[in-house]
Every structure is written in C-alpha cells, then in structure tokens.
2 protein chains.
Amino acid sequence: MDTNDEMIKIQNCMHDAGFKLTFQRQAIVKVLLDHHQEHLSAEEIYIELLKQSFSFGLATVYRTLDILTEMNLLTRVSFEDGIARYDLRTEDRRHFHHHLICTQCGKTVEIHQDLLIDVEKLVAHQYHFEVSDHRLTFLGLCADCQRKKALGDVSHR
Amino acid sequence: MDTNDEMIKIQNCMHDAGFKLTFQRQAIVKVLLDHHQEHLSAEEIYIELLKQSFSFGLATVYRTLDILTEMNLLTRVSFEDGIARYDLRTEDRRHFHHHLICTQCGKTVEIHQDLLIDVEKLVAHQYHFEVSDHRLTFLGLCADCQRKKALGDVSHR
DNA sequence: CTCTATGCAAAGGTTTTGCACTACC
DNA sequence: GGTAGTGCAAAACCTTTGCATAGAG
C-alpha cells in the first residue's frame with residue numbers, strides 16, 4: 001500500500017472516530033508515515049516538523065500520538081532508554097515486525113517476517129490467552145560489531 | 001535454587017565486583033528475590049521497604065538497581081507505562097521467561113518456557129545477528145477477561 | 001582511617017494538564 | 001457559531017546528581 005493511500009486511510013479513521021482533521025494532525029501523520037521504519041519519539045517527530053518549517057507545540061504532538069494510540073493505529077514501544085517511541089500499525093505490517101537491538105552500538109533493525117505463528121498457537125492453547133499482538137526484541141551483536149569485536153580481540157590483549 | 005542460596009550468590013557477585021555489602025543493598029536484594037515474579041518498579045521496591053519498616057532514600061534504591069543492572073544480575077524492562085521495572089536474571093531463569101499482558105485488565109503473567117530456540121537460530125543465520133537475549137511479550141485477553149467479554153456481549157447490546 | 005555509600009534536596013528529562021485562544025465542521 | 005483542538009507555560013512524574021555525612025572494609 002502506498003503512503004498516500006495509508007494517509008487517506010488513517011485520516012478516514014480519525015474522521016470516523018469524530019476527530020477533526022487539523023493541519024497539525026495531518027503533518028504529524030505524514031511524518032509517521034515517512035519515517036515508519038524509525039520508531040520516532042515524540043520529540044524526534046517535533047524536530048522533524050521544525051525542520052519542515054512547521055512550528056507547533058510539542059504538546060500537540062503528544063496529544064495526537066495519544067489519539068492514534070487509542071485508536072490502535074499506533075503502538076507505543078519502549079526500548080531501554082525510557083523514552084516512548086511509536087510504531088505505525090497498519091494491517092499489512094501487523095504481526096510482521098520484530099526488532100533486533102545491538103547491545104554494542106545501539107543500532108535497531110526491524111525485521112519484517114512473522115516468526116511467531118506457531119508460538120502464538122501454543123500460547124493460546126496452553127495458557128488460555130487470546131493473543132492479539134506481540135512484541136519481540138532480540139538483543140545481541142549486529143554483524144558490524146561482531147566483526148569489530150573479532151578484530152579487537154586480535155589487536156589488543 | 002532456594003532464595004537463600006541466590007541471596008548469597010548475588011552478595012558474592014557484588015562483593016567480588018568491589019561493592020560494599022551495606023544493609024540497604026541487602027534489603028533491596030531481598031525484596032527483589034521475594035518478589036521475583038512481579039516486575040517491581042523502583043518505587044514499588046521502595047514502598048515494600050517502607051512496609052518492612054526500613055526507611056531509606058529512593059535514590060539508594062535507584063543506585064542499587066543500577067549496580068545490579070550493570071552487573072547483569074538484573075534486567076530493566078519497560079512495559080507500556082514508561083516506568084522502568086526490573087527482572088532478576090539468575091542463570092536458570094534466563095531465556096525461559098516471557099510475558100503475557102492482558103490489554104483489558106492489565107494483568108501480567110510470566111511464562112517460563114523457552115519458546116524461541118528455533119526462532120533465534122533463524123535470526124542468527126538470516127540476519128547475521130548474534131543473539132544474547134530476547135524479550136517476548138504477548139498482548140491479548142486473559143482467560144478471565146475472555147469470559148467476561150463473552151458474558152458482556154450477551155447481557156448488553 | 002580511607003573511600004565508598006547514603007540521604008536529602010535540587011536538578012534533569014519526559015510527558016501531561018489548565019486555560020485562554022483559534023479554527024474546524 | 002459551537003465545540004474540539006491548539007499553544008504556551010506550569011505542573012507532574014520518574015530518574016539522576018551534588019554534596020555533606022555516615023559507615024563498610
């Protein structure tokens with residue numbers, strides 16, 4: 001689905017839920033769509049808007065993110081730094097989206113592949129838990145840092 | 001492994017790393033051990049200490065948690081509320097520990113079963129990522145809320 | 001006895017809120 | 001035109017830090 005279609009879809013959702021389509025909200029949704037792989041925080045979205053010469057309040061960003069989260073169009077994710085980040089949650093991306101975080105350099109990579117179909121079935125049966133979504137994050141070393149570590153082990157010590 | 005053994009093990013770790021075994025730190029570790037299934041936040045630990053008639057600073061709790069986290073005896077986990085919570089990370093619990101969060105009542109259940117052995121192998125090969133740990137959380141409806149929802153659908157609407 | 005750990009309070013950073021003003025529907 | 005949304009600043013919240021004091025090794 002292209003960005004424009006998704007834009008319209010999200011706007012329709014908001015409209016149907018009785019929210020007004022303000023200029024600010026549209027700009028925020030656009031930033032989210034344009035950066036949907038990056039897990040922006042509220043402040044990063046705000047800075048992105050400033051770059052685009054929009055200048056409106058950080059509070060509005062938070063309020064819009066709250067609305068989208070409430071409507072289940074957006075998911076709040078927290079990594080280890082205590083800052084809330086946001087993931088767009090469009091149908092075709094749902095369930096196909098996990099994170100790899102490098103503990104060395106901090107880089108976050110998204111993987112788009114559903115690895116948990118079987119695991120979810122097991123959880124549903126064994127724990128009587130009706131799964132609607134999941135969060136899966138792997139911590140470890142990315143390829144770059146594995147290489148650096150191997151080199152470091154040779155040159156030092 | 002019983003609580004006392006773990007207590008001693010953790011104290012040895014701290015001692016070996018050159019940290020002093022103060023009364024406060026021992027009390028905090030004890031709270032963590034006694035509540036190891038509950039993912040306490042710093043403040044909840046502090047309140048638990050108050051209940052036990054210890055009265056020392058919240059800053060000390062944070063500092064102790066930082067030390068334990070740095071030593072990899074503890075893992076910081078963040079759920080969606082933006083408050084840092086902590087999981088003890090003793091050897092036999094590592095990798096056998098995921099969360100089920102009910103989106104209705106907010107209840108969190110731990111499951112102790114490694115569901116990800118195969119998935120980790122796949123990630124290692126396919127993405128050249130050396131996995132050292134993982135976080136897996138399922139969101140959905142717990143058995144109770146499934147039941148309530150079923151009843152509600154009948155009585156209302 | 002030394003150096004680390006503590007307690008308190010103040011500062012820091014992120015998020016929320018109150019209120020007057022604006023603008024969408 | 002009425003109501004929901006905005007901006008600003010202040011508050012609230014969780015966490016960290018500075019500094020004088022206390023206590024472990």
# chains A, B, ... in the order shown; residues from 1 in each chain; ligands from 1
>>> interface_residues(of="chain B", to="chain A", cutoff="10 Å", atoms="only C-alpha atoms", output="PyMOL selection string")
chain B and resi 75-84+98-103+109+111+115-116+118-120+122-124+127-146
>>> select_by_dssp(residues="range 79-127 of chain A", states="strand (DSSP E or B)", output="list in words")
Ala84, Arg85, Tyr86, Asp87, Leu88, His98, His99, Leu100, Ile101, Cys102, Thr108, Val109, Glu110 and Ile111 of chain A
>>> atom_distance(atom1="C1' of DA23 in chain C", atom2="CA of His35 in chain A")
28.3 Å
>>> residues_around(residues="DA20 in chain C", least_positions_apart="2", cutoff="10 Å", atoms="only C-alpha atoms (C1' of nucleotides)", output="list in words")
DG18 and DT22 of chain C; DG7 and DC8 of chain D
>>> closest_atom_pairs(of="chain D", to="chain B", cutoff="9 Å", atoms="only C-alpha atoms (C1' of nucleotides)", output="tab-separated table")
residue	atom	partner	partner_atom	distance
D:DC14	C1'	B:Ile83	CA	7.2
D:DT15	C1'	B:Tyr62	CA	7.9
D:DT16	C1'	B:Ala59	CA	8.4
D:DG23	C1'	B:Thr22	CA	8.7
D:DA24	C1'	B:Lys20	CA	6.4
D:DG25	C1'	B:Lys20	CA	7.9
>>> atom_distance(atom1="CA of Glu38 in chain B", atom2="CA of Arg25 in chain B")
19.0 Å
>>> select_by_dssp(residues="chain A", states="helix (DSSP H, G or I)", output="PyMOL selection string")
chain A and resi 3-16+23-34+42-51+58-70+117-127+143-155
>>> closest_atom_pairs(of="range 37-142 of chain B", to="range 3-15 of chain C", cutoff="8 Å", atoms="only C-alpha atoms (C1' of nucleotides)", output="CSV")
residue,atom,partner,partner_atom,distance
B:Phe56,CA,C:DG7,C1',7.4
B:Gly57,CA,C:DG7,C1',5.9
B:Thr60,CA,C:DT6,C1',6.9
>>> atom_distance(atom1="CA of Asp16 in chain A", atom2="CA of Val31 in chain A")
21.3 Å
>>> residues_around(residues="Ile10 in chain A", least_positions_apart="6", cutoff="10 Å", atoms="only C-alpha atoms (C1' of nucleotides)", output="ChimeraX atom specification")
/A:4,16,26,29,68,71,73,90
>>> write_last_selection(atoms="N, CA and C atoms", output="CSV table (one decimal), in the first residue's frame")
chain,number,residue,atom,x,y,z
A,4,ASN,N,0.3,7.4,0.3
A,4,ASN,CA,-0.8,8.3,0.1
A,4,ASN,C,-2.1,7.6,0.5
A,16,ASP,N,-13.8,9.3,11.1
A,16,ASP,CA,-15.0,8.4,11.6
A,16,ASP,C,-15.1,8.4,13.1
A,26,GLN,N,-2.5,16.3,10.4
A,26,GLN,CA,-2.1,15.7,9.1
A,26,GLN,C,-0.6,15.7,9.0
A,29,VAL,N,0.9,12.9,11.1
A,29,VAL,CA,0.7,11.6,10.5
A,29,VAL,C,1.6,11.4,9.3
A,68,LEU,N,-3.9,8.6,18.3
A,68,LEU,CA,-3.6,7.5,17.3
A,68,LEU,C,-3.4,6.2,18.1
A,71,MET,N,-6.6,4.8,19.1
A,71,MET,CA,-7.4,4.2,18.0
A,71,MET,C,-6.7,2.9,17.5
A,73,LEU,N,-4.0,2.7,15.9
A,73,LEU,CA,-3.3,2.9,14.6
A,73,LEU,C,-1.8,3.0,14.9
A,90,THR,N,-0.2,-0.5,10.6
A,90,THR,CA,-1.2,-0.7,9.6
A,90,THR,C,-1.3,-2.2,9.4
>>> residues_around(residues="His39 in chain A", least_positions_apart="4", cutoff="8 Å", atoms="only C-alpha atoms (C1' of nucleotides)", output="ChimeraX atom specification")
/A:35,85-87
>>> write_last_selection(atoms="N, CA, C and O atoms", output="compact mmCIF listing (two decimals), in the first residue's frame")
# COMPACT_ATOMS: atom_id res chain seq x y z
N HIS A 35 8.50 8.07 8.06
CA HIS A 35 9.58 7.51 8.86
C HIS A 35 9.15 6.23 9.55
O HIS A 35 9.58 5.95 10.65
N ARG A 85 8.53 5.50 22.18
CA ARG A 85 8.65 5.58 20.73
C ARG A 85 7.40 4.97 20.13
O ARG A 85 6.65 4.29 20.81
N TYR A 86 7.18 5.25 18.85
CA TYR A 86 5.91 4.88 18.25
C TYR A 86 6.09 4.14 16.95
O TYR A 86 6.95 4.48 16.15
N ASP A 87 5.27 3.13 16.79
CA ASP A 87 5.26 2.31 15.57
C ASP A 87 3.90 2.38 14.91
O ASP A 87 2.90 2.09 15.54
>>> decode(residues="range 60-73 of chain B", atoms="all heavy atoms", output="compact mmCIF listing (two decimals), in the first residue's frame")
# COMPACT_ATOMS: atom_id res chain seq x y z
N THR B 60 18.78 5.64 46.85
CA THR B 60 19.58 4.44 47.12
C THR B 60 19.01 3.24 46.38
O THR B 60 19.76 2.41 45.87
CB THR B 60 19.59 4.16 48.64
OG1 THR B 60 20.16 5.30 49.29
CG2 THR B 60 20.42 2.94 48.96
N VAL B 61 17.70 3.17 46.32
CA VAL B 61 17.08 2.08 45.57
C VAL B 61 17.51 2.16 44.11
O VAL B 61 17.97 1.18 43.53
CB VAL B 61 15.54 2.14 45.68
CG1 VAL B 61 14.89 1.07 44.81
CG2 VAL B 61 15.10 1.98 47.13
N TYR B 62 17.39 3.35 43.54
CA TYR B 62 17.81 3.51 42.14
C TYR B 62 19.28 3.16 41.96
O TYR B 62 19.65 2.49 41.00
CB TYR B 62 17.58 4.96 41.69
CG TYR B 62 16.17 5.22 41.24
CD1 TYR B 62 15.29 5.93 42.03
CD2 TYR B 62 15.70 4.75 40.01
CE1 TYR B 62 13.98 6.18 41.62
CE2 TYR B 62 14.42 4.99 39.59
CZ TYR B 62 13.56 5.71 40.40
OH TYR B 62 12.27 5.94 39.98
N ARG B 63 20.11 3.62 42.87
CA ARG B 63 21.54 3.35 42.72
C ARG B 63 21.85 1.87 42.81
O ARG B 63 22.66 1.34 42.05
CB ARG B 63 22.34 4.17 43.73
CG ARG B 63 22.49 5.64 43.27
CD ARG B 63 23.42 6.45 44.16
NE ARG B 63 22.78 6.87 45.38
CZ ARG B 63 22.78 8.12 45.84
NH1 ARG B 63 23.39 9.08 45.17
NH2 ARG B 63 22.19 8.42 46.97
N THR B 64 21.17 1.20 43.71
CA THR B 64 21.39 -0.25 43.85
C THR B 64 20.91 -0.99 42.61
O THR B 64 21.59 -1.90 42.11
CB THR B 64 20.67 -0.79 45.10
OG1 THR B 64 21.14 -0.07 46.23
CG2 THR B 64 20.93 -2.26 45.29
N LEU B 65 19.78 -0.58 42.09
CA LEU B 65 19.26 -1.21 40.89
C LEU B 65 20.21 -0.99 39.72
O LEU B 65 20.42 -1.89 38.90
CB LEU B 65 17.86 -0.67 40.57
CG LEU B 65 16.76 -1.03 41.57
CD1 LEU B 65 15.47 -0.30 41.24
CD2 LEU B 65 16.53 -2.52 41.61
N ASP B 66 20.80 0.19 39.66
CA ASP B 66 21.77 0.48 38.59
C ASP B 66 22.96 -0.45 38.68
O ASP B 66 23.43 -0.98 37.67
CB ASP B 66 22.26 1.93 38.68
CG ASP B 66 21.21 2.90 38.15
OD1 ASP B 66 20.23 2.44 37.54
OD2 ASP B 66 21.38 4.11 38.36
N ILE B 67 23.45 -0.64 39.89
CA ILE B 67 24.59 -1.53 40.08
C ILE B 67 24.27 -2.95 39.63
O ILE B 67 25.02 -3.55 38.87
CB ILE B 67 25.00 -1.57 41.57
CG1 ILE B 67 25.61 -0.24 41.98
CG2 ILE B 67 25.98 -2.70 41.84
CD1 ILE B 67 25.84 -0.14 43.47
N LEU B 68 23.13 -3.43 40.08
CA LEU B 68 22.74 -4.80 39.75
C LEU B 68 22.52 -4.96 38.25
O LEU B 68 22.84 -6.00 37.67
CB LEU B 68 21.48 -5.20 40.51
CG LEU B 68 21.64 -5.31 42.03
CD1 LEU B 68 20.28 -5.43 42.70
CD2 LEU B 68 22.51 -6.50 42.40
N THR B 69 22.00 -3.92 37.64
CA THR B 69 21.78 -3.96 36.19
C THR B 69 23.11 -3.99 35.46
O THR B 69 23.30 -4.75 34.50
CB THR B 69 20.96 -2.74 35.74
OG1 THR B 69 19.73 -2.72 36.45
CG2 THR B 69 20.66 -2.81 34.25
N GLU B 70 24.03 -3.16 35.94
CA GLU B 70 25.36 -3.10 35.33
C GLU B 70 26.07 -4.45 35.43
O GLU B 70 26.83 -4.84 34.55
CB GLU B 70 26.18 -2.05 36.07
CG GLU B 70 27.14 -1.29 35.21
CD GLU B 70 27.67 -0.12 36.02
OE1 GLU B 70 27.02 0.95 36.06
OE2 GLU B 70 28.74 -0.29 36.63
N MET B 71 25.81 -5.15 36.52
CA MET B 71 26.44 -6.45 36.72
C MET B 71 25.69 -7.57 36.02
O MET B 71 26.04 -8.74 36.17
CB MET B 71 26.51 -6.76 38.22
CG MET B 71 27.40 -5.80 38.98
SD MET B 71 27.29 -6.13 40.74
CE MET B 71 28.10 -7.72 40.82
N ASN B 72 24.63 -7.21 35.31
CA ASN B 72 23.84 -8.20 34.60
C ASN B 72 23.12 -9.18 35.51
O ASN B 72 22.79 -10.29 35.10
CB ASN B 72 24.70 -8.98 33.61
CG ASN B 72 24.85 -8.23 32.31
OD1 ASN B 72 23.90 -7.64 31.82
ND2 ASN B 72 26.06 -8.21 31.79
N LEU B 73 22.90 -8.78 36.73
CA LEU B 73 22.13 -9.63 37.63
C LEU B 73 20.65 -9.28 37.51
O LEU B 73 19.78 -10.01 37.98
CB LEU B 73 22.57 -9.43 39.08
CG LEU B 73 23.98 -9.90 39.40
CD1 LEU B 73 24.37 -9.47 40.80
CD2 LEU B 73 24.06 -11.41 39.28
